[in-house]
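Here is the structure we will look at.
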Amino acid sequence: MIPRYTLRDMGAIWSEEARFARMREVELAVAEAQARRGLVPGDALEAIRDRAVVDVARIGELERTTDHEVVAFVNQLAERVGPEGRFLHLGLTSSDVLDTALALQLRAAGERLRTDLDALIAVVVRRAREQAGTVLMGRTHSVHAEPTTLGLKLAGWAFELDRARTRLDRAFEETATGKLSGPVGTYSHLDPDLEAEVLGALGLAAEPAATQVVARDRHAALLAAIAVAGGTLERMATEVRNLQHTEIGELGEPFRAGQTGSSAMPHKRNPIVAERIAGLARLLRGYAQAGFEDQALWHERDISHSSVERVALPDATILLDYMLVKTAALVEGMAVHPERMRENIERGLGLWASSRLLTALVEAGMARDAAYRVVQRAALRAADERRAFRDVVAADPEVTSRLGGEALAACFDEAHLLRNARAVIERLDRLEVPAGVRG
């Protein structure tokens, strides 16, 4: 991923230095287990521990001749170790090292993303509680529906983020899987007990029935979970973008001193971060599709997945890391304009009360279909003539013959519609927000 969207900690996980360091970690763990079984001499193990230092540049030089990265890697370490280097990679096939090292990288990436999600959820929960009583118009099909609260809108985001966190935890758990079972998964060179010992020391599960590789359904599921999480962030960002429309103006993206909105129009304060999040979510969905394509490898393995994963797995985790951090800042600094929310509610002429009025007429004895026609006729007239809906229905004898003044006024009681919103906010107590996470 380009530096523009790469944050330091996640970028470090996917550096070439880090990747070869993880491969060295696997090689060393195997050598140690073999030494305990008398397969590697003790002095050779000490030499490997002391002198097997990764040199990325030298690996690149060797690969230009070998055209095989793992062979170049092993040869580079062996050069450093000396004669004892012949005990490196003993009984291993390339994918034993590559897939197990990849699992270690993915585990580290998952830990970073879990920290990001915890922080974002904490921010969203805090702002949901803060805005629990901030009333704004709910919209369906982009048309005024009934009033809701900003806190309730944010609570929905928080619970969706929590589901994303659960999916990602499960997906990263499934990819924390290695294998040391050889060229076709038959343990032809190393025994299962050695694999169990090494992977246990590395904190990884073992693929129960590997081919030459760990099965790629695990990685496909991870990329899918990442894409779904990105879709949640896009939904949040899209809502901010929509409510920042000039004609709506209810929310605003943070805009710091000195920031520029447009090179030509100094008045602009554009929702650029929200738009960026929405755009990057498209890339995550593309990586998910690539992950699906990687599942069907030929026979015990081909190499078609390798080139895809070198791009998709680092880029997807790097982008989600960036998007989570940016979304947290977006929600944290989001400007809220309750006066515009109230203006927009009033601009709706009270039409939001139509469903309440319909229910009241039915309860008063009118057939539902007839009541619907009465309310719809009045609502359309109010909209067309730009008159208050309450005034129109108060002059309609089909309404007033069944509803007295008090009953009619109750239909326009905004607080009645929102009487249960607090119950939703209280459900936020169910969400896990680890101690010490800033919210």
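Here, A, B, ... name the chains of the structure tokens in the order displayed, residue numbers run from 1 inside each chain, and ligands are numbered from 1 in the same displayed order.
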Please identify all polymer residues within 8 Å of stretch 338-345 of chain A, counting only C-alpha atoms, omitting same-chain residues fewer than 4 positions from it, and present them as a list in words.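 In the requested form, the answer reads Thr134, Val135, Leu136, Met137, Pro147, Ile248, Gly249, Glu250, Leu349 and Gly350 of chain A.
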Just C-alpha atoms for this one: save the residues we selected as a JSON list (two decimals), in the first residue's frame.
```
[["chain", "number", "residue", "atom", "x", "y", "z"],
["A", 134, "THR", "CA", -30.42, 15.28, 20.24],
["A", 135, "VAL", "CA", -33.49, 15.02, 18.01],
["A", 136, "LEU", "CA", -33.22, 14.98, 14.23],
["A", 137, "MET", "CA", -35.40, 13.81, 11.40],
["A", 147, "PRO", "CA", -37.96, 11.90, 14.27],
["A", 248, "ILE", "CA", -29.29, 19.61, 5.37],
["A", 249, "GLY", "CA", -26.31, 20.85, 7.40],
["A", 250, "GLU", "CA", -26.95, 18.73, 10.49],
["A", 349, "LEU", "CA", -44.52, 20.57, 8.09],
["A", 350, "GLY", "CA", -45.27, 17.95, 10.74]]
```
Residues of stretch 33-137 of chain A classed as alpha helix (DSSP H) by DSSP on the backbone are to be reported as a PyMOL selection string. chain A and resi 33-36+42-51+56-66+69-81+94-130
Taking only C-alpha atoms into account, which of A:Thr232, A:Ser307, A:Ser263, A:Ser188 comes nearest A:Asp162?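 For A:Asp162, the nearest of the given residues is A:Thr232.
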Within 9 Å of A:Leu113, counting only C-alpha atoms, which residues qualify if same-chain residues fewer than 6 places away don't, as a PyMOL selection string? chain A and resi 10+165+168+317+320-321+324
Export of prior selection with N, CA and C atoms as a PDB file, in the first residue's frame:
```
ATOM      1  N   MET A  10       1.201  -0.688  11.609  1.00  0.00           N
ATOM      2  CA  MET A  10       0.733  -1.734  10.700  1.00  0.00           C
ATOM      3  C   MET A  10       1.699  -1.895   9.525  1.00  0.00           C
ATOM      4  N   ARG A 165     -16.118  -6.478  14.914  1.00  0.00           N
ATOM      5  CA  ARG A 165     -15.028  -6.914  15.805  1.00  0.00           C
ATOM      6  C   ARG A 165     -15.099  -8.426  16.044  1.00  0.00           C
ATOM      7  N   LEU A 168     -14.024 -10.279  12.846  1.00  0.00           N
ATOM      8  CA  LEU A 168     -12.581 -10.198  12.628  1.00  0.00           C
ATOM      9  C   LEU A 168     -11.821 -11.042  13.638  1.00  0.00           C
ATOM     10  N   THR A 317      -5.260  -5.161   5.350  1.00  0.00           N
ATOM     11  CA  THR A 317      -5.097  -4.862   6.775  1.00  0.00           C
ATOM     12  C   THR A 317      -4.563  -3.444   6.983  1.00  0.00           C
ATOM     13  N   LEU A 320      -7.592  -1.093   6.341  1.00  0.00           N
ATOM     14  CA  LEU A 320      -8.589  -1.106   7.418  1.00  0.00           C
ATOM     15  C   LEU A 320      -8.040  -0.405   8.653  1.00  0.00           C
ATOM     16  N   ASP A 321      -6.781  -0.599   8.950  1.00  0.00           N
ATOM     17  CA  ASP A 321      -6.129   0.113  10.057  1.00  0.00           C
ATOM     18  C   ASP A 321      -6.269   1.622   9.863  1.00  0.00           C
ATOM     19  N   LEU A 324     -10.000   2.753  10.184  1.00  0.00           N
ATOM     20  CA  LEU A 324     -10.497   2.743  11.569  1.00  0.00           C
ATOM     21  C   LEU A 324      -9.996   3.961  12.340  1.00  0.00           C
TER      22      LEU A 324
END
```
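With distances restricted to only C-alpha atoms, A:Ile48 is the closest residue to A:Val81 from A:Val433, A:Val273, A:Ile48, A:Leu380.
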One decimal, in Å: what's the spacing between atom CA of A:Gly156 and atom CA of A:Glu253?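 Interatomic distance here is 19.1 Å.
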Of the residues A:Glu69, A:Glu146, A:Glu363, A:Glu275, which is the one nearest to A:Asn242, using only C-alpha atoms? A:Glu275
Pick the closest to A:Val325 from A:Ala394, A:Ala164, A:Leu361, A:Leu117: which is it, counting only C-alpha atoms?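 The closest residue to A:Val325 is A:Leu117.
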Excluding same-chain residues fewer than 3 positions from A:Ala278, what lies within 8 Å of it counting only C-alpha atoms, as a list in words? Leu233, Glu234, Arg235, Ala237, Thr238, Ala274, Glu275, Ala281 and Arg282 of chain A
Closest contacts (stretch 120-211 of chain A/stretch 13-26 of chain A, max 12 Å, only C-alpha atoms) as JSON lines:
```
{"residue": "A:Gly178", "atom": "CA", "partner": "A:Val26", "partner_atom": "CA", "distance": 9.9}
{"residue": "A:Lys179", "atom": "CA", "partner": "A:Val26", "partner_atom": "CA", "distance": 10.5}
{"residue": "A:Leu180", "atom": "CA", "partner": "A:Val26", "partner_atom": "CA", "distance": 9.8}
{"residue": "A:Glu195", "atom": "CA", "partner": "A:Val26", "partner_atom": "CA", "distance": 10.9}
{"residue": "A:Glu197", "atom": "CA", "partner": "A:Val26", "partner_atom": "CA", "distance": 11.9}
{"residue": "A:Val198", "atom": "CA", "partner": "A:Val26", "partner_atom": "CA", "distance": 8.1}
{"residue": "A:Leu199", "atom": "CA", "partner": "A:Val26", "partner_atom": "CA", "distance": 8.8}
{"residue": "A:Gly200", "atom": "CA", "partner": "A:Val26", "partner_atom": "CA", "distance": 11.6}
{"residue": "A:Ala201", "atom": "CA", "partner": "A:Val26", "partner_atom": "CA", "distance": 10.0}
{"residue": "A:Leu202", "atom": "CA", "partner": "A:Val26", "partner_atom": "CA", "distance": 8.0}
{"residue": "A:Gly203", "atom": "CA", "partner": "A:Val26", "partner_atom": "CA", "distance": 11.5}
{"residue": "A:Leu204", "atom": "CA", "partner": "A:Val26", "partner_atom": "CA", "distance": 11.2}
```
Between A:Thr327, A:Val399, A:Ala132, A:Gly436, single out the one closest to A:Thr359, counting only C-alpha atoms.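 Checking each of A:Thr327, A:Val399, A:Ala132, A:Gly436 against A:Thr359, counting only C-alpha atoms, the winner is A:Val399.
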What's around A:Ala288 at 12 Å? Count only C-alpha atoms, leave out sequence neighbours fewer than 3 positions away in its own chain, and write the answer as a PDB file with N, CA and C atoms, in the first residue's frame.
```pdb
ATOM      1  N   ASP A 217      -9.448 -21.126   2.436  1.00  0.00           N
ATOM      2  CA  ASP A 217     -10.746 -20.637   2.905  1.00  0.00           C
ATOM      3  C   ASP A 217     -10.569 -19.727   4.110  1.00  0.00           C
ATOM      4  N   ARG A 218      -9.532 -19.985   4.894  1.00  0.00           N
ATOM      5  CA  ARG A 218      -9.264 -19.165   6.078  1.00  0.00           C
ATOM      6  C   ARG A 218      -8.969 -17.718   5.668  1.00  0.00           C
ATOM      7  N   HIS A 219      -8.147 -17.560   4.669  1.00  0.00           N
ATOM      8  CA  HIS A 219      -7.739 -16.222   4.238  1.00  0.00           C
ATOM      9  C   HIS A 219      -8.868 -15.522   3.490  1.00  0.00           C
ATOM     10  N   ALA A 220      -9.663 -16.326   2.743  1.00  0.00           N
ATOM     11  CA  ALA A 220     -10.826 -15.744   2.073  1.00  0.00           C
ATOM     12  C   ALA A 220     -11.813 -15.198   3.091  1.00  0.00           C
ATOM     13  N   ALA A 221     -12.033 -15.953   4.173  1.00  0.00           N
ATOM     14  CA  ALA A 221     -12.962 -15.495   5.213  1.00  0.00           C
ATOM     15  C   ALA A 221     -12.442 -14.232   5.892  1.00  0.00           C
ATOM     16  N   LEU A 222     -11.129 -14.160   6.071  1.00  0.00           N
ATOM     17  CA  LEU A 222     -10.557 -12.957   6.676  1.00  0.00           C
ATOM     18  C   LEU A 222     -10.767 -11.742   5.783  1.00  0.00           C
ATOM     19  N   LEU A 223     -10.461 -11.875   4.508  1.00  0.00           N
ATOM     20  CA  LEU A 223     -10.638 -10.745   3.595  1.00  0.00           C
ATOM     21  C   LEU A 223     -12.108 -10.353   3.480  1.00  0.00           C
ATOM     22  N   ALA A 224     -13.004 -11.335   3.579  1.00  0.00           N
ATOM     23  CA  ALA A 224     -14.428 -11.016   3.574  1.00  0.00           C
ATOM     24  C   ALA A 224     -14.806 -10.235   4.826  1.00  0.00           C
ATOM     25  N   ALA A 225     -14.309 -10.666   5.981  1.00  0.00           N
ATOM     26  CA  ALA A 225     -14.606  -9.955   7.234  1.00  0.00           C
ATOM     27  C   ALA A 225     -14.053  -8.539   7.203  1.00  0.00           C
ATOM     28  N   ILE A 226     -12.878  -8.369   6.614  1.00  0.00           N
ATOM     29  CA  ILE A 226     -12.298  -7.032   6.477  1.00  0.00           C
ATOM     30  C   ILE A 226     -13.168  -6.167   5.579  1.00  0.00           C
ATOM     31  N   ALA A 227     -13.646  -6.744   4.478  1.00  0.00           N
ATOM     32  CA  ALA A 227     -14.496  -5.985   3.561  1.00  0.00           C
ATOM     33  C   ALA A 227     -15.807  -5.579   4.221  1.00  0.00           C
ATOM     34  N   VAL A 228     -16.399  -6.472   5.005  1.00  0.00           N
ATOM     35  CA  VAL A 228     -17.649  -6.138   5.699  1.00  0.00           C
ATOM     36  C   VAL A 228     -17.400  -5.034   6.720  1.00  0.00           C
ATOM     37  N   ALA A 229     -16.283  -5.108   7.430  1.00  0.00           N
ATOM     38  CA  ALA A 229     -15.943  -4.036   8.370  1.00  0.00           C
ATOM     39  C   ALA A 229     -15.777  -2.712   7.627  1.00  0.00           C
ATOM     40  N   GLY A 230     -15.139  -2.763   6.466  1.00  0.00           N
ATOM     41  CA  GLY A 230     -15.011  -1.557   5.656  1.00  0.00           C
ATOM     42  C   GLY A 230     -16.357  -1.020   5.224  1.00  0.00           C
ATOM     43  N   GLY A 231     -17.304  -1.927   4.934  1.00  0.00           N
ATOM     44  CA  GLY A 231     -18.646  -1.493   4.576  1.00  0.00           C
ATOM     45  C   GLY A 231     -19.343  -0.777   5.721  1.00  0.00           C
ATOM     46  N   ALA A 281     -13.186   1.683   0.993  1.00  0.00           N
ATOM     47  CA  ALA A 281     -14.023   0.498   1.211  1.00  0.00           C
ATOM     48  C   ALA A 281     -14.199  -0.296  -0.083  1.00  0.00           C
ATOM     49  N   ARG A 282     -14.172   0.403  -1.213  1.00  0.00           N
ATOM     50  CA  ARG A 282     -14.295  -0.290  -2.499  1.00  0.00           C
ATOM     51  C   ARG A 282     -13.098  -1.202  -2.745  1.00  0.00           C
ATOM     52  N   LEU A 283     -11.912  -0.726  -2.353  1.00  0.00           N
ATOM     53  CA  LEU A 283     -10.723  -1.567  -2.499  1.00  0.00           C
ATOM     54  C   LEU A 283     -10.834  -2.816  -1.637  1.00  0.00           C
ATOM     55  N   LEU A 284     -11.352  -2.677  -0.422  1.00  0.00           N
ATOM     56  CA  LEU A 284     -11.468  -3.834   0.466  1.00  0.00           C
ATOM     57  C   LEU A 284     -12.389  -4.891  -0.135  1.00  0.00           C
ATOM     58  N   ARG A 285     -13.461  -4.452  -0.766  1.00  0.00           N
ATOM     59  CA  ARG A 285     -14.345  -5.422  -1.410  1.00  0.00           C
ATOM     60  C   ARG A 285     -13.634  -6.119  -2.574  1.00  0.00           C
ATOM     61  N   GLY A 291      -9.566 -12.853  -2.643  1.00  0.00           N
ATOM     62  CA  GLY A 291      -9.435 -13.944  -1.687  1.00  0.00           C
ATOM     63  C   GLY A 291     -10.312 -15.131  -2.046  1.00  0.00           C
ATOM     64  N   PHE A 292     -11.513 -14.856  -2.530  1.00  0.00           N
ATOM     65  CA  PHE A 292     -12.388 -15.947  -2.959  1.00  0.00           C
ATOM     66  C   PHE A 292     -11.752 -16.724  -4.114  1.00  0.00           C
ATOM     67  N   GLU A 293     -11.107 -16.005  -5.017  1.00  0.00           N
ATOM     68  CA  GLU A 293     -10.481 -16.659  -6.168  1.00  0.00           C
ATOM     69  C   GLU A 293      -9.311 -17.546  -5.750  1.00  0.00           C
ATOM     70  N   ASP A 294      -8.710 -17.253  -4.605  1.00  0.00           N
ATOM     71  CA  ASP A 294      -7.543 -18.017  -4.151  1.00  0.00           C
ATOM     72  C   ASP A 294      -7.897 -19.366  -3.528  1.00  0.00           C
ATOM     73  N   GLN A 295      -9.160 -19.602  -3.239  1.00  0.00           N
ATOM     74  CA  GLN A 295      -9.518 -20.842  -2.557  1.00  0.00           C
ATOM     75  C   GLN A 295      -9.227 -22.084  -3.388  1.00  0.00           C
ATOM     76  N   VAL A 308      -1.266 -12.931  -5.318  1.00  0.00           N
ATOM     77  CA  VAL A 308      -2.454 -12.216  -4.832  1.00  0.00           C
ATOM     78  C   VAL A 308      -2.260 -11.812  -3.373  1.00  0.00           C
ATOM     79  N   GLU A 309      -1.828 -12.753  -2.559  1.00  0.00           N
ATOM     80  CA  GLU A 309      -1.717 -12.501  -1.117  1.00  0.00           C
ATOM     81  C   GLU A 309      -0.624 -11.500  -0.775  1.00  0.00           C
ATOM     82  N   VAL A 311      -0.137  -8.865  -2.165  1.00  0.00           N
ATOM     83  CA  VAL A 311      -0.777  -7.555  -2.284  1.00  0.00           C
ATOM     84  C   VAL A 311      -1.986  -7.458  -1.354  1.00  0.00           C
ATOM     85  N   ALA A 312      -2.881  -8.445  -1.453  1.00  0.00           N
ATOM     86  CA  ALA A 312      -4.194  -8.323  -0.815  1.00  0.00           C
ATOM     87  C   ALA A 312      -4.129  -8.314   0.701  1.00  0.00           C
ATOM     88  N   LEU A 313      -3.363  -9.212   1.299  1.00  0.00           N
ATOM     89  CA  LEU A 313      -3.373  -9.299   2.762  1.00  0.00           C
ATOM     90  C   LEU A 313      -2.707  -8.087   3.420  1.00  0.00           C
ATOM     91  N   ASP A 315      -2.267  -5.078   2.030  1.00  0.00           N
ATOM     92  CA  ASP A 315      -3.031  -3.879   1.687  1.00  0.00           C
ATOM     93  C   ASP A 315      -4.351  -3.811   2.433  1.00  0.00           C
ATOM     94  N   ALA A 316      -5.057  -4.938   2.535  1.00  0.00           N
ATOM     95  CA  ALA A 316      -6.360  -4.932   3.198  1.00  0.00           C
ATOM     96  C   ALA A 316      -6.231  -4.582   4.671  1.00  0.00           C
ATOM     97  N   THR A 317      -5.260  -5.161   5.350  1.00  0.00           N
ATOM     98  CA  THR A 317      -5.097  -4.862   6.775  1.00  0.00           C
ATOM     99  C   THR A 317      -4.563  -3.444   6.983  1.00  0.00           C
TER     100      THR A 317
END
```
Do a neighbour search on A:Leu90 at 9 Å with only C-alpha atoms, toss out local chain neighbours closer than 5 positions, and write the hits as a count of residues only. 7
From A:Ala12, A:Ala378, A:Ala335, A:Ile121, residue lying nearest A:Gln105 [only C-alpha atoms]: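 Distance minimum relative to A:Gln105 lands on A:Ala12.
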Please provide as a PDB file with N, CA and C atoms, in the first residue's frame all residues within 8 Å of A:Ala209, with the sequence filter that same-chain residues fewer than 2 positions apart are discarded (counting only C-alpha atoms).
```
ATOM      1  N   GLY A 185       1.579 -32.639   2.699  1.00  0.00           N
ATOM      2  CA  GLY A 185       0.824 -32.759   3.939  1.00  0.00           C
ATOM      3  C   GLY A 185       0.844 -34.127   4.578  1.00  0.00           C
ATOM      4  N   GLU A 207      -2.875 -26.827  10.910  1.00  0.00           N
ATOM      5  CA  GLU A 207      -3.863 -27.238   9.916  1.00  0.00           C
ATOM      6  C   GLU A 207      -4.075 -28.746  10.067  1.00  0.00           C
ATOM      7  N   THR A 211      -2.566 -29.684   2.655  1.00  0.00           N
ATOM      8  CA  THR A 211      -1.949 -30.155   1.417  1.00  0.00           C
ATOM      9  C   THR A 211      -0.492 -29.704   1.515  1.00  0.00           C
TER      10      THR A 211
END
```
Interatomic distance, atom CA of A:Val124 to atom CA of A:Gly258 (Å, one decimal):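 Separation of atom CA of A:Val124 and atom CA of A:Gly258: 26.6 Å.
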What separates atom CA of A:Ala158 and atom CA of A:Val125 is a distance of 6.2 Å
